[in-house]
Every structure is written in structure tokens, then in C-alpha cells.
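Heads up: the structure comes next, in C-alpha cells.
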Amino acid sequence: MASGITTTRQAEIPWQELDTIVPAESIRAAGPNDAIDGTMPVKVVTPGNELQISELLKWATGSGARVSVRGGGTKLGWGNLPGAVDLIVSTEKLAGLVEHAWQDMTVTVRAGTKIAVLQQQLREHGQRLALDALWPDRATVGGVIATHDSCPLRLRFGSIRDLILGITVVLPNGTIARSGGKVVKNVAGYDLPKLLTGSLGTLAVITEATFRAHPLPAEIRTLSFELDDLQAASKFMLAIANSTLVPTGLQLRLDSDQRPRVDVRFEGIREGVEAQSEAAQKTAGTAAISDVQSCWQGRESLWSGGSLSSVGRFSVLPADLTKAIGAIRDQLPSARIIAQSTGLGLFSAECESLDQMESAIERLRQDVQQLKGTLVLLSVPLELKKKLDVFGQPGDGYPLMVRVKQQFDSHGILNPGRFLGGI
Amino acid sequence: MDPGFVQELRAIVGEQGIILNPDELRTYECDGLTNFRVVPAAVVIPSRREDVQRVVQACSRHKVAFVARGSGTGLSGGALPVEGGIVISLTRLNRILEVDIPNARVVVEPGVINAFVTQEVAPYGYFYAPDPSSQSVCSIGGNIAENSGGAHCLKYGFTSTHVLGMEVVLPDGTVAHLGGATLDMPGYDLLGVFVGSEGTLGIATSITLRIVKRPEVVQTLLAAFNSTNEAGAAVSDIIAAGMLPAAIEMMDNLAIQAAEASVHAGYPNCGGLLLVELDGPAPEVDALMRNVREICTANGSWEIRLAQSEEERMAIWKGRKAAFAAMGRISPNYIVQDGVIPRTKLPEVMSEIRRMSDEVGLRVANVFHAGDGNLHPLVLYDRSIPGQEERAEKLSGDILRLCVRVGGSITGEHGVGEEKKHFMSEMFAEPDLDTMQLVRCAFDPQSLSNPGKLFPRLRLCAEKTGPYQPHPLEVAGVAQFF
């Protein structure tokens, strides 16, 4: 067993009962690769359907086993250190399309479906989920909902929160519940799809979701500009945002050794894309240096740092981007930054020591708070995670969030400790 | 009503902020849905946000139910008062608190009228996208309660897409901030849950809205067809061509007649009228509009008109937005429904509505957001003829059941409220409703905020501590524990 991995409560949990719920071949002992932030679970179960998940959760609630759900496992490190993990429920076998009502432009899909697989299926009818999630080949639909992973396309289409129409979940007491619907417009009942979006597996297990699909654009053009400095880059982005152009992506990239780059993307029919590209060139006052689309997946490279690196997500008002980026550069001079014009951004940085990283992050958090923004750490060394809440200080809505958690998961079996304020 | 409680209310809002006179209270007995009426015990009209909190605190202490009310234009009885409860009218909280153009945000109080937000930011080239037909009178607070849509939500999204943050008074009188000025505030998306909760989770007292840059051009086209089926086929082809119009609206002949009689919009007299609006960069809109014309012609449209000026465009919209009220010209009474269907079921559902309408001998006019399948069937009847109102209500209910049967929803933008609460069980199973109730119990364990709406039955939230004691209402069989 790797150092720092702790095993939890094995003796008290009646594991022998598991194979009365799921077939024996769906259960295995956990290995080092199953550890979540250094916490080693005991078992990994791969249920084949919703009913099995329902029975599993009932069993877990009764026996006190703490459950983490795993899709593609690409973002398992997001969140605070787990309070405990006994059982991992993998959604691997809960994959595939349930229905693509392509003429109605809606799609219902099981939670374990990979994003890239979903996109491939939608493409057959000239459609897409207007979402450019991180690691689409491995990330699952359920995981993207649970982490509310957001993307450059958000500028035009909103995040997954705006694309989700309906959801099926299993509650810790075994209840299988549906909310929302399969039509693009529906206000019947509370919007539980939104409540589940970004809930990091702490309220219920997501098993199925329905989304609004969008037509694939006839044409896509990306223009990357290199600008003199941060001020010029920010000015350009604000000018585009305040124009009648309708880009589907507008992002700023800042590497430690380069001048800032701004990527703009236009989609639609040729006439519109050409006219808008021309207008963007004029606004930039310089020719585009590249038209390569891969810049939109550049965020993934921020996770390639070493053991003393951190990745953070900040959110500020669009007009405060320059200030936020300046603050990041002040505290973490080596930081690489990719920021969207919506005010959301990611940075990665390396430090020489944990202490240096800790104090830099604390100062940075204060700076961002002064801008009325937030800073969430997505990847930090475990030693540092032990000392801080990756989400920062909760606001006055926190007591209500605790009450929501208590209502859904009164025994605290789902992903305990990982969410805001230790929920 | 307990005189001590009334005294407390008076102390908070002053003599000018409270209504107790039975005649004056009748103004508040219903909202835009007039066939349910309850006279409230009192109405308070606070002028300051902190007074809303103090009023709710008093309600919580005295266990008095309250119903928040904006402009009272709701069509599902969401602002219907509760027997023995008070109404908190938010019309005096009508200040626009902040306009932040560089960040495309506006902060408003809940009583601000929807259209005033656009008016405020129009000089800067921006608009507020959600545009319910009542936008010249309905309030932002009411829009939040219902998650209002409107003709342009096909492209721009609903109210929930455009609300970034809120200050809310929870039913226990505490204040919480949900969401914020920036995106993705850490924690559960309680903002997303609150929008569309129909006043059952508390009262929003300050709201941060996102505004949208006005498109370079807007073009609006009217196309006349012989039937709604032909018009519907054109809609399918437009969507299949990969277009996302700003709006696609459809009216049948009865609805056209009513609109003509009311506002003289100059609509062609046809069986199915399509209104298509495209917006965006000029070269794109020009090219796509040519495509729309071709599609309409190919599907049998015999008259196509493109609005040539902003005035012509406004006239086209005026007829559409006045369609509900215009029914008064052709029928003494009507019920408007709000069911949603998968768009492809339109021909099937339209002919079934016609069959049901013939069967009961009542006329049904149809006005709908064709792009997203949101129907607004208007069941016309005469209350003075014995039995007609009951038949109209039954027909209207049967249309909703039809929508659910084909995979749709009972409401696309008007909300469940009082009117459709019994239809929730047609759309959702008990476990689904139980799960929604968990949210209610987290926000409002005492069931004081607009109780009795939205869900088929009043349910009580179980106390988590202490031995179980049956509630008197449960013993009496009028409520069940959850």
C-alpha cells in the first residue's frame, strides 16, 4: 500500500452482504489506483442498472458504508479531502444512449456514457451537446454534471446547467426519482437537475440525464491573436464582448514566457463566420497568428505539472479579468493562465515549497475576494489540502446548503467531507 | 387574525403599508387566473427590503402563512392568497439598484417591471432577454417565481439563464445570498432551485440579472399557411436546417381572428400563421432568412411578408402578445393552458385537440411557441351557460393529459400554482414528488411560504429530533407526513 493511504472501517461493514445485491463479478477489492486523494476504499462495485444502485445505497445507508461515485475518474481529485470512502460505485456499466429524439433535438443518456461517445452519436444526426468538457474521451456525462465542468462554449450556450432538461437520480434511501422532463421547456416542479449540477456526488447518484442538443455548425473558425500586453488583450476581449459579434468562444491564454494570446471562435453559416472574422481582425488591429482549433482544449495541459503544482479556478466579473490575472501573477509569477471572457479562468503554477504555495494561495484568495470573486482549487498537493478548504469560505447560504444535504443524505454516506465547508 | 400580529405588521410597514379593509383586500383575492379566489387576512406592502425580512420573521414567529405577490399577472394562481394568511405585495420594491454595462449586469428589486430593465439598458445597446407577453406589467420577482420564458427563450433561454444572484428572505426570516455577481459560486446551485419555485421557498428581495447585447439586425417574417399542420412542417424544416431562430410563433385561425378584432395587426386570414424572427450579424440573417422563405414556400405558404421597418415588426408582435387578452373579443370567458409537447408531435396533438374540442362542443383557439413545442390552447366558453365552465375545465385538463401522454409537460412557463397542482401526479410519480419535497423541507420546514401550491397535497416536514407525535392535521386526515 502506498504511503499516506488510509483504509477505513472495514471491520464494521457487512461486506459479505454485497453479493446479494450485485453479481459477484461486479464486486472487487479496491487497489491503490482506486484511492481518492490518498484515501483507500475497501471495495469497488460496478452495478449494471438503477435498481442495483438503489439496493446498494439502501445497504450503505443501513450499514454506514461511505460511498463515492466514479465515472471516468478524471476529476476525482476535485473537492476537499474525503472524510471517508468505503465503497466506490462505478457507473462504467451504466452507459449508452437511451433515446436521441433528433427531430426534437433532445437526447437522453445514461450517466456512465463518455462525453465523446455521446458527441459521436449526436454527430450522426448533425447535432452536438454544446459543451466542450475536459478530457471528453474519458469524462462521463454523470461526472460532468456532478462537477459542473464548464467550457469556452459557455459564452454562447451556457454551461451543462443550462443544457440539462431532466435527470434521474437514486437517493441514499434507495428512492429512484425523476425530475425535469424530456422537452426543452418545462417548469413543472423544482428544478432538481440544477440542484444536482455541481453537487459533487454528495446528494444522490445520477443515473440518467436528458439534454437539449444543438445543430452542428456548418462552419467553425478560430482566430488566435497575439497582443502586446495584458491590458491590450483585455481591452480587445471587452471590445468583442461589447460588439454585435457573437463568438462561441473568447479566451485569453497567458504562458509565463509569451505575450498574451486571445482566441476568438465564430460558428454558423459561411456568410456570418466570414463577416465576423473580418470584424474581429479589425478590432484586434493585428492579423491572426493562427487558426488552430486545439487552443480550446488547451486547458487540459494545465494539469501536467509536477508534485508541487496546483491548478485553480477563479471567477471574477468580466471587466476585472486583468486585475485577477495581475493578482495571480503577483503571487505566482510562473503561473499559466487560461481565462474566458465570462470571467471564469484556470491557472496552474509550480512552487518551490508547500509553505510558499500555501501563503501564495491565501494571499491570492484575499485578492480575488476583494474583487467579489471566488477561487476554487482543483488540484493541490495533498499535504496542502489537509490545511485548507479548496472552495474557500462559505457565504450566508451555507446553513441552507447543510439543510439540503441533511434532507437528501441524512446519514452522510455520500462523499462525506468533500464539498464546500466539509459537507 | 391575532391582533398582536397585526400590530407587529403595522409597526413594521406603517399605516400606509398595510391593508385590512375587506373591500380593499378583495383586490388581492386572485391573480391573472380569476377562477380561484381567496380573500387574504391582510396585505402588507413594504417599501424597504429589510421590512420584507421583518414581516417574514413575524409570520414565522406567529406561524402565519404568507404569499408573495408581484404584479399579479400570473396565470396559474401562484399568487392566490392562503386562507387566514397574508399577502406580501412587492410592488413598492421597484428600484433598479445598479447598472453595470461593462459586466452586462443589472441589480434590481423584485417589484421592477420586466420591460423597465430593457428600457434602462437600451441606450447602451443591451436588452433583458426573457420577454413574457405580459412584460409591460409583470415584475422580475414574479418572473423568478415562475421561471418565465416568452417568445425569445428558444434562442436566449429562460429567466433562470439570466439570473446570476439573489438576496432572498427564507421562510424563517433569515437572509441568504444565492449565487452572486460572478459565475459558479461554490456550493449547491440553490439559485437554480429557487428560480421557478413559485414562491414556495422564500422571497427574493434583490436580484442580479444578466443583460444581453442587442443583435446587429433583427428580421421578422409572417407566413400564411392553410393549416397549422403545414405551418408545423415548415417549423420542423427550419429547425432541421440547423437554424436557431430568435422566435418561432404560430397562431391558428381563431387566434388570428381574435388578434385582428383586438389590435388590428394586419394578419392574413389563414388557417395557420407563422411568425419567424431571426437575429444576429447582418450577412448571416440575410442568408438564413432567404432559406426560411424557401422553406415556407415549399411547405405551402401562400403569403410571406417580411417586416420592412421597426414599426411593422412591432405591429406583428403586438398582435401575438395581445392574443390572450384578445380572446375577450370572441368569447366571454376562456381558460388558457400552457402544456408542452415534443415539437414533432404537433400534427398529432393538434388534430386530437380538434377532435376533443368537437366532441364537447367548445371552441379552442391555439397560439403557441412553435419552436419549443409550448402550446397555449385557449378553451373558449360562456360562464353564463350552465355546465359550460365545467366542460371547459375538463377539456382543458384533458389537453394537459394529452401533452403528458406524448412525452411533454403540463407547464412550459406559467407554472403549476393552484391550478395545475393535481396534474403534477400525472407527470411525476410519488417518489419524484417526495424528492422535490426534500427541497421544500430544507427551505421551509414550517410550510409557511405559499403553502398548498405546486404539490398535489399539503405535506408536513418531519422533525428530525424528539419522539414522533402525530400532527393534528395528520390525525384529521387532511395532510400526510413526509
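Naming works like this for the C-alpha cells: A, B, ... for the chains as they're shown, residue 1 at the start of each chain, ligands 1 onward in shown order.
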12 Å contact set for Asp409 (chain A), only C-alpha atoms, chain neighbours under 6 positions out, as a short mmCIF file (atom, residue, chain, number, x, y, z; two decimals) with N, CA and C atoms, in the first residue's frame:
data_model
loop_
_atom_site.label_atom_id
_atom_site.label_comp_id
_atom_site.auth_asym_id
_atom_site.auth_seq_id
_atom_site.Cartn_x
_atom_site.Cartn_y
_atom_site.Cartn_z
N LEU A 57 -27.35 1.53 -2.29
CA LEU A 57 -27.39 2.71 -1.43
C LEU A 57 -28.21 2.43 -0.16
N LYS A 58 -29.28 1.69 -0.32
CA LYS A 58 -30.06 1.31 0.88
C LYS A 58 -29.16 0.54 1.85
N ALA A 60 -25.90 0.63 1.98
CA ALA A 60 -24.86 1.52 2.52
C ALA A 60 -25.42 2.39 3.64
N THR A 61 -26.64 2.91 3.43
CA THR A 61 -27.24 3.74 4.47
C THR A 61 -27.45 2.92 5.74
N GLY A 64 -23.81 1.97 7.11
CA GLY A 64 -22.89 3.07 7.39
C GLY A 64 -21.69 3.12 6.46
N ARG A 66 -19.56 4.44 3.53
CA ARG A 66 -19.49 5.73 2.82
C ARG A 66 -19.18 5.49 1.35
N VAL A 67 -19.95 6.13 0.49
CA VAL A 67 -19.94 5.81 -0.93
C VAL A 67 -19.44 6.99 -1.77
N VAL A 170 -30.68 8.37 -7.87
CA VAL A 170 -31.01 7.44 -6.79
C VAL A 170 -30.56 8.09 -5.49
N LEU A 171 -31.50 8.20 -4.55
CA LEU A 171 -31.19 8.82 -3.27
C LEU A 171 -30.58 7.78 -2.32
N PRO A 172 -29.89 8.25 -1.28
CA PRO A 172 -29.29 7.31 -0.33
C PRO A 172 -30.29 6.32 0.28
N ASN A 173 -31.56 6.69 0.38
CA ASN A 173 -32.54 5.74 0.94
C ASN A 173 -33.07 4.79 -0.13
N GLY A 174 -32.50 4.83 -1.32
CA GLY A 174 -32.88 3.90 -2.37
C GLY A 174 -33.95 4.41 -3.32
N THR A 175 -34.54 5.56 -3.00
CA THR A 175 -35.57 6.13 -3.88
C THR A 175 -34.99 6.45 -5.25
N GLY A 201 -21.49 14.67 -6.14
CA GLY A 201 -21.81 13.34 -5.61
C GLY A 201 -22.22 13.31 -4.16
N THR A 202 -22.67 14.44 -3.61
CA THR A 202 -22.99 14.47 -2.18
C THR A 202 -24.48 14.37 -1.89
N LEU A 203 -25.33 14.41 -2.92
CA LEU A 203 -26.77 14.39 -2.66
C LEU A 203 -27.44 13.11 -3.14
N ALA A 204 -27.01 12.60 -4.28
CA ALA A 204 -27.65 11.44 -4.88
C ALA A 204 -26.74 10.91 -5.97
N VAL A 205 -27.03 9.71 -6.43
CA VAL A 205 -26.27 9.15 -7.55
C VAL A 205 -27.05 9.44 -8.84
N MET A 401 -27.51 25.14 2.65
CA MET A 401 -26.91 24.02 1.92
C MET A 401 -26.78 22.80 2.84
N VAL A 402 -26.43 23.05 4.09
CA VAL A 402 -26.31 21.94 5.05
C VAL A 402 -27.68 21.29 5.23
N ARG A 403 -28.73 22.10 5.30
CA ARG A 403 -30.07 21.53 5.48
C ARG A 403 -30.48 20.70 4.25
N ASN A 415 -20.09 10.71 -0.32
CA ASN A 415 -18.93 11.59 -0.46
C ASN A 415 -18.74 12.53 0.73
N PRO A 416 -18.76 12.02 1.96
CA PRO A 416 -18.69 12.92 3.12
C PRO A 416 -17.41 13.75 3.13
N ILE A 423 -19.20 19.65 3.73
CA ILE A 423 -20.46 18.93 3.51
C ILE A 423 -20.14 17.56 2.93
N THR B 435 -39.16 13.56 -3.55
CA THR B 435 -37.80 14.09 -3.63
C THR B 435 -37.83 15.62 -3.73
N LEU B 438 -38.19 17.22 -0.42
CA LEU B 438 -36.99 17.34 0.43
C LEU B 438 -36.45 18.77 0.36
N VAL B 439 -36.51 19.34 -0.84
CA VAL B 439 -36.02 20.71 -1.03
C VAL B 439 -36.91 21.66 -0.24
N ALA B 442 -36.09 21.58 3.37
CA ALA B 442 -34.84 22.26 3.73
C ALA B 442 -35.05 23.77 3.80
#
### Message
Set the cut-off to 6 Å and count only C-alpha atoms: what are the residues of chain A that reach chain B? Output as number ranges by chain.
### Response
A: 104, 177-178, 183, 185-188, 190-191, 194-195, 199, 215, 244, 271-272, 316-319, 396-397, 403-404, 407, 420
For the residues selected in the previous step, produce a file with N, CA and C atoms as a PDB file, in the first residue's frame.
ATOM      1  N   ASP A 104     -36.559  16.378 -32.360  1.00  0.00           N
ATOM      2  CA  ASP A 104     -36.903  17.291 -31.264  1.00  0.00           C
ATOM      3  C   ASP A 104     -35.650  17.874 -30.620  1.00  0.00           C
ATOM      4  N   ALA A 177     -35.700   8.671  -8.365  1.00  0.00           N
ATOM      5  CA  ALA A 177     -36.557   9.823  -8.641  1.00  0.00           C
ATOM      6  C   ALA A 177     -36.166  10.492  -9.950  1.00  0.00           C
ATOM      7  N   ARG A 178     -37.182  10.984 -10.611  1.00  0.00           N
ATOM      8  CA  ARG A 178     -37.008  11.701 -11.855  1.00  0.00           C
ATOM      9  C   ARG A 178     -37.382  13.151 -11.624  1.00  0.00           C
ATOM     10  N   VAL A 183     -38.672  17.608 -22.648  1.00  0.00           N
ATOM     11  CA  VAL A 183     -38.943  18.673 -23.611  1.00  0.00           C
ATOM     12  C   VAL A 183     -38.102  19.892 -23.235  1.00  0.00           C
ATOM     13  N   LYS A 185     -38.725  22.884 -22.830  1.00  0.00           N
ATOM     14  CA  LYS A 185     -39.307  23.930 -21.989  1.00  0.00           C
ATOM     15  C   LYS A 185     -40.222  23.258 -20.980  1.00  0.00           C
ATOM     16  N   ASN A 186     -39.992  23.501 -19.712  1.00  0.00           N
ATOM     17  CA  ASN A 186     -40.751  22.794 -18.692  1.00  0.00           C
ATOM     18  C   ASN A 186     -40.490  23.445 -17.345  1.00  0.00           C
ATOM     19  N   VAL A 187     -41.547  23.874 -16.670  1.00  0.00           N
ATOM     20  CA  VAL A 187     -41.333  24.475 -15.346  1.00  0.00           C
ATOM     21  C   VAL A 187     -42.135  23.754 -14.262  1.00  0.00           C
ATOM     22  N   ALA A 188     -42.484  22.492 -14.519  1.00  0.00           N
ATOM     23  CA  ALA A 188     -43.287  21.754 -13.539  1.00  0.00           C
ATOM     24  C   ALA A 188     -42.407  21.216 -12.417  1.00  0.00           C
ATOM     25  N   TYR A 190     -39.810  21.596  -8.803  1.00  0.00           N
ATOM     26  CA  TYR A 190     -38.494  22.199  -8.552  1.00  0.00           C
ATOM     27  C   TYR A 190     -37.473  21.702  -9.569  1.00  0.00           C
ATOM     28  N   ASP A 191     -36.518  22.545  -9.856  1.00  0.00           N
ATOM     29  CA  ASP A 191     -35.501  22.251 -10.862  1.00  0.00           C
ATOM     30  C   ASP A 191     -34.370  21.440 -10.227  1.00  0.00           C
ATOM     31  N   LYS A 194     -30.780  21.228 -11.791  1.00  0.00           N
ATOM     32  CA  LYS A 194     -29.818  22.273 -11.427  1.00  0.00           C
ATOM     33  C   LYS A 194     -29.226  22.010 -10.046  1.00  0.00           C
ATOM     34  N   LEU A 195     -30.049  21.540  -9.125  1.00  0.00           N
ATOM     35  CA  LEU A 195     -29.529  21.250  -7.784  1.00  0.00           C
ATOM     36  C   LEU A 195     -28.425  20.192  -7.851  1.00  0.00           C
ATOM     37  N   SER A 199     -23.054  19.220  -7.606  1.00  0.00           N
ATOM     38  CA  SER A 199     -23.218  18.799  -6.209  1.00  0.00           C
ATOM     39  C   SER A 199     -22.167  17.761  -5.794  1.00  0.00           C
ATOM     40  N   PRO A 215     -27.674  22.117 -33.221  1.00  0.00           N
ATOM     41  CA  PRO A 215     -27.157  21.704 -34.521  1.00  0.00           C
ATOM     42  C   PRO A 215     -25.651  21.935 -34.597  1.00  0.00           C
ATOM     43  N   THR A 244     -21.493  43.710 -31.601  1.00  0.00           N
ATOM     44  CA  THR A 244     -22.613  42.862 -32.014  1.00  0.00           C
ATOM     45  C   THR A 244     -22.136  41.514 -32.567  1.00  0.00           C
ATOM     46  N   GLU A 271     -21.361  32.911 -44.545  1.00  0.00           N
ATOM     47  CA  GLU A 271     -21.513  34.366 -44.652  1.00  0.00           C
ATOM     48  C   GLU A 271     -21.275  35.056 -43.299  1.00  0.00           C
ATOM     49  N   GLY A 272     -21.895  34.501 -42.261  1.00  0.00           N
ATOM     50  CA  GLY A 272     -21.779  35.099 -40.932  1.00  0.00           C
ATOM     51  C   GLY A 272     -20.389  34.949 -40.360  1.00  0.00           C
ATOM     52  N   VAL A 316     -14.380  35.879 -11.659  1.00  0.00           N
ATOM     53  CA  VAL A 316     -14.487  37.305 -11.331  1.00  0.00           C
ATOM     54  C   VAL A 316     -15.412  37.959 -12.355  1.00  0.00           C
ATOM     55  N   LEU A 317     -15.723  39.226 -12.134  1.00  0.00           N
ATOM     56  CA  LEU A 317     -16.507  39.950 -13.130  1.00  0.00           C
ATOM     57  C   LEU A 317     -15.662  40.086 -14.399  1.00  0.00           C
ATOM     58  N   PRO A 318     -16.300  40.011 -15.569  1.00  0.00           N
ATOM     59  CA  PRO A 318     -15.530  40.069 -16.822  1.00  0.00           C
ATOM     60  C   PRO A 318     -14.570  41.264 -16.893  1.00  0.00           C
ATOM     61  N   ALA A 319     -15.014  42.408 -16.409  1.00  0.00           N
ATOM     62  CA  ALA A 319     -14.160  43.596 -16.503  1.00  0.00           C
ATOM     63  C   ALA A 319     -13.002  43.565 -15.503  1.00  0.00           C
ATOM     64  N   ASP A 396     -23.376  33.192   3.390  1.00  0.00           N
ATOM     65  CA  ASP A 396     -24.520  33.042   4.294  1.00  0.00           C
ATOM     66  C   ASP A 396     -25.576  32.060   3.763  1.00  0.00           C
ATOM     67  N   GLY A 397     -25.369  31.508   2.571  1.00  0.00           N
ATOM     68  CA  GLY A 397     -26.267  30.473   2.074  1.00  0.00           C
ATOM     69  C   GLY A 397     -25.874  29.090   2.592  1.00  0.00           C
ATOM     70  N   ARG A 403     -28.727  22.104   5.305  1.00  0.00           N
ATOM     71  CA  ARG A 403     -30.071  21.535   5.482  1.00  0.00           C
ATOM     72  C   ARG A 403     -30.480  20.701   4.253  1.00  0.00           C
ATOM     73  N   VAL A 404     -30.101  21.176   3.058  1.00  0.00           N
ATOM     74  CA  VAL A 404     -30.401  20.408   1.846  1.00  0.00           C
ATOM     75  C   VAL A 404     -29.691  19.051   1.910  1.00  0.00           C
ATOM     76  N   GLN A 407     -31.404  16.736   4.297  1.00  0.00           N
ATOM     77  CA  GLN A 407     -32.652  16.188   3.778  1.00  0.00           C
ATOM     78  C   GLN A 407     -32.394  15.032   2.811  1.00  0.00           C
ATOM     79  N   LEU A 420     -18.156  21.932  -0.220  1.00  0.00           N
ATOM     80  CA  LEU A 420     -17.967  23.216   0.454  1.00  0.00           C
ATOM     81  C   LEU A 420     -18.180  23.104   1.969  1.00  0.00           C
TER      82      LEU A 420
END
### Query
If you run DSSP on the backbone, which residues of region 171-342 of chain B are alpha helix (DSSP H), as a ChimeraX atom specification?
/B:190-194,228-240,253-263,282-298,310-321,323-326
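Take the candidates A:Thr286, A:Ser294, A:Ser243, A:Thr113 and check each one against Arg138 (chain A) using only C-alpha atoms; the shortest distance goes to A:Thr113.
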Report as a PDB file with N, CA and C atoms, in the first residue's frame all protein, DNA and RNA residues lying within 7 Å of Val56 (chain B), evaluated on only C-alpha atoms, omitting residues in the same chain fewer than 4 positions from it.
ATOM      1  N   VAL B  52     -39.280  43.503   4.421  1.00  0.00           N
ATOM      2  CA  VAL B  52     -39.747  42.175   3.976  1.00  0.00           C
ATOM      3  C   VAL B  52     -39.250  41.138   4.978  1.00  0.00           C
ATOM      4  N   SER B  60     -43.146  33.962  10.728  1.00  0.00           N
ATOM      5  CA  SER B  60     -42.530  32.746  11.234  1.00  0.00           C
ATOM      6  C   SER B  60     -42.808  32.574  12.739  1.00  0.00           C
ATOM      7  N   PRO B 171     -38.058  31.450   4.530  1.00  0.00           N
ATOM      8  CA  PRO B 171     -39.318  31.431   5.291  1.00  0.00           C
ATOM      9  C   PRO B 171     -39.147  31.549   6.808  1.00  0.00           C
ATOM     10  N   ASP B 172     -37.947  31.321   7.325  1.00  0.00           N
ATOM     11  CA  ASP B 172     -37.759  31.527   8.771  1.00  0.00           C
ATOM     12  C   ASP B 172     -37.291  32.949   9.078  1.00  0.00           C
ATOM     13  N   GLY B 173     -37.225  33.790   8.057  1.00  0.00           N
ATOM     14  CA  GLY B 173     -36.873  35.193   8.276  1.00  0.00           C
ATOM     15  C   GLY B 173     -35.392  35.486   8.191  1.00  0.00           C
TER      16      GLY B 173
END
### Task
Determine, counting only C-alpha atoms, which protein, DNA and RNA residues have an atom within 6 Å of an atom of Gly272 (chain B); residues of the same chain fewer than 2 positions away are not included. Present the result as a PyMOL selection string.
chain B and resi 225-228+231+251-252+270
#### Entry: Nearest to Leu51 (chain A), chosen from A:Ile21, A:Ala360, A:Ala280, A:Leu76, with only C-alpha atoms counted in the distances
A:Ile21
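Across the model, the gap from CA of Leu93 (chain B) to CA of Glu120 (chain B) is 16.5 Å.
In this comparison, which uses only C-alpha atoms, the residue of A:Cys351, A:Leu81, A:Val98, A:Cys295 approaching Phe391 (chain A) most closely is A:Leu81.
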### Task
Would you mind writing down, as JSON, numbers by chain, each residue of region 339-378 of chain A that DSSP on the backbone assigns to strand (DSSP E or B)?
{"A": [339, 340, 344, 345, 346, 347, 348, 349, 350, 374, 375, 376, 377, 378]}
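Every protein, DNA or RNA residue with an atom at most 10 Å from Gln119 (chain A), where only C-alpha atoms count and chain neighbours fewer than 5 positions away do not, is listed here: A:Lys114, A:Glu124, A:Gly126, A:Gln127, A:Arg128, A:Leu129, A:Ala130, A:Leu131, A:Pro136, A:Ala213.
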Serialized selection, N, CA and C atoms, as a PDB file, in the first residue's frame:
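Dumped to part.pdb:
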ATOM      1  N   LYS A 114     -19.481   8.095 -21.953  1.00  0.00           N
ATOM      2  CA  LYS A 114     -18.397   9.061 -22.163  1.00  0.00           C
ATOM      3  C   LYS A 114     -18.914  10.216 -23.025  1.00  0.00           C
ATOM      4  N   GLU A 124     -24.082  11.906 -35.758  1.00  0.00           N
ATOM      5  CA  GLU A 124     -24.727  11.164 -36.849  1.00  0.00           C
ATOM      6  C   GLU A 124     -25.966  11.866 -37.379  1.00  0.00           C
ATOM      7  N   GLY A 126     -26.108  15.261 -37.205  1.00  0.00           N
ATOM      8  CA  GLY A 126     -25.698  16.657 -37.360  1.00  0.00           C
ATOM      9  C   GLY A 126     -25.909  17.506 -36.120  1.00  0.00           C
ATOM     10  N   GLN A 127     -25.831  16.860 -34.961  1.00  0.00           N
ATOM     11  CA  GLN A 127     -26.054  17.610 -33.720  1.00  0.00           C
ATOM     12  C   GLN A 127     -24.904  17.424 -32.737  1.00  0.00           C
ATOM     13  N   ARG A 128     -24.983  18.186 -31.645  1.00  0.00           N
ATOM     14  CA  ARG A 128     -23.971  18.065 -30.601  1.00  0.00           C
ATOM     15  C   ARG A 128     -24.553  18.528 -29.271  1.00  0.00           C
ATOM     16  N   LEU A 129     -23.893  18.114 -28.205  1.00  0.00           N
ATOM     17  CA  LEU A 129     -24.130  18.725 -26.913  1.00  0.00           C
ATOM     18  C   LEU A 129     -23.184  19.925 -26.894  1.00  0.00           C
ATOM     19  N   ALA A 130     -23.735  21.128 -26.763  1.00  0.00           N
ATOM     20  CA  ALA A 130     -22.904  22.329 -26.916  1.00  0.00           C
ATOM     21  C   ALA A 130     -22.049  22.549 -25.674  1.00  0.00           C
ATOM     22  N   LEU A 131     -21.094  21.648 -25.511  1.00  0.00           N
ATOM     23  CA  LEU A 131     -20.297  21.613 -24.292  1.00  0.00           C
ATOM     24  C   LEU A 131     -18.924  21.073 -24.647  1.00  0.00           C
ATOM     25  N   PRO A 136     -12.811  14.741 -22.838  1.00  0.00           N
ATOM     26  CA  PRO A 136     -14.085  14.146 -23.281  1.00  0.00           C
ATOM     27  C   PRO A 136     -14.003  12.650 -23.585  1.00  0.00           C
ATOM     28  N   ALA A 213     -30.061  19.275 -27.400  1.00  0.00           N
ATOM     29  CA  ALA A 213     -28.952  19.218 -28.354  1.00  0.00           C
ATOM     30  C   ALA A 213     -28.998  20.466 -29.238  1.00  0.00           C
TER      31      ALA A 213
END
### Task
Would you mind telling me which residue in A:Ser410, A:Thr20, A:Ser379, A:Gln281 lies nearest to Lys75 (chain A) when using only C-alpha atoms?
A:Ser379
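What separates CA of Val108 (chain B) from CA of Ile96 (chain B) is a distance of 4.4 Å.
For region 363-367 of chain B, the set of protein, DNA and RNA residues having any atom at most 8 Å away, when counting only C-alpha atoms and skipping those fewer than 6 positions along the same chain, is Glu249, Met250, Met251, Asp252, Asn253, Leu254, Ala255, Ala323, Ile353, Arg354, Ser357, Leu375, His376, Pro377, Leu378, Val379, Leu380 and Tyr381 of chain B.
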### Query
If we count only C-alpha atoms, what is near region 14-17 of chain A at a cut-off of 12 Å, once residues fewer than 6 positions away on the same chain are taken out, given as a PyMOL selection string?
chain A and resi 23-24+27-29+42-45+55-56+58-60+62-65+86-87
Suppose we keep C-alpha atoms; can you now write the selection as a short mmCIF file (atom, residue, chain, number, x, y, z; two decimals), in the first residue's frame?
data_model
loop_
_atom_site.label_atom_id
_atom_site.label_comp_id
_atom_site.auth_asym_id
_atom_site.auth_seq_id
_atom_site.Cartn_x
_atom_site.Cartn_y
_atom_site.Cartn_z
CA PRO A 23 -23.45 -10.28 -9.06
CA ALA A 24 -20.15 -11.35 -7.57
CA ILE A 27 -17.53 -6.60 -6.95
CA ARG A 28 -13.81 -6.40 -6.44
CA ALA A 29 -11.39 -5.38 -3.74
CA VAL A 42 -12.38 -1.23 0.53
CA LYS A 43 -14.47 -2.32 -2.43
CA VAL A 44 -15.34 -1.22 -5.91
CA VAL A 45 -18.74 -2.17 -7.29
CA GLU A 55 -30.28 -1.55 -3.34
CA LEU A 56 -26.61 -0.69 -2.88
CA LYS A 58 -30.06 1.31 0.88
CA TRP A 59 -27.50 -1.19 2.09
CA ALA A 60 -24.86 1.52 2.52
CA GLY A 62 -28.11 0.82 6.72
CA SER A 63 -24.56 -0.33 7.26
CA GLY A 64 -22.89 3.07 7.39
CA ALA A 65 -20.65 2.46 4.38
CA ASP A 86 -15.59 2.62 1.92
CA LEU A 87 -17.18 1.82 -1.38
#
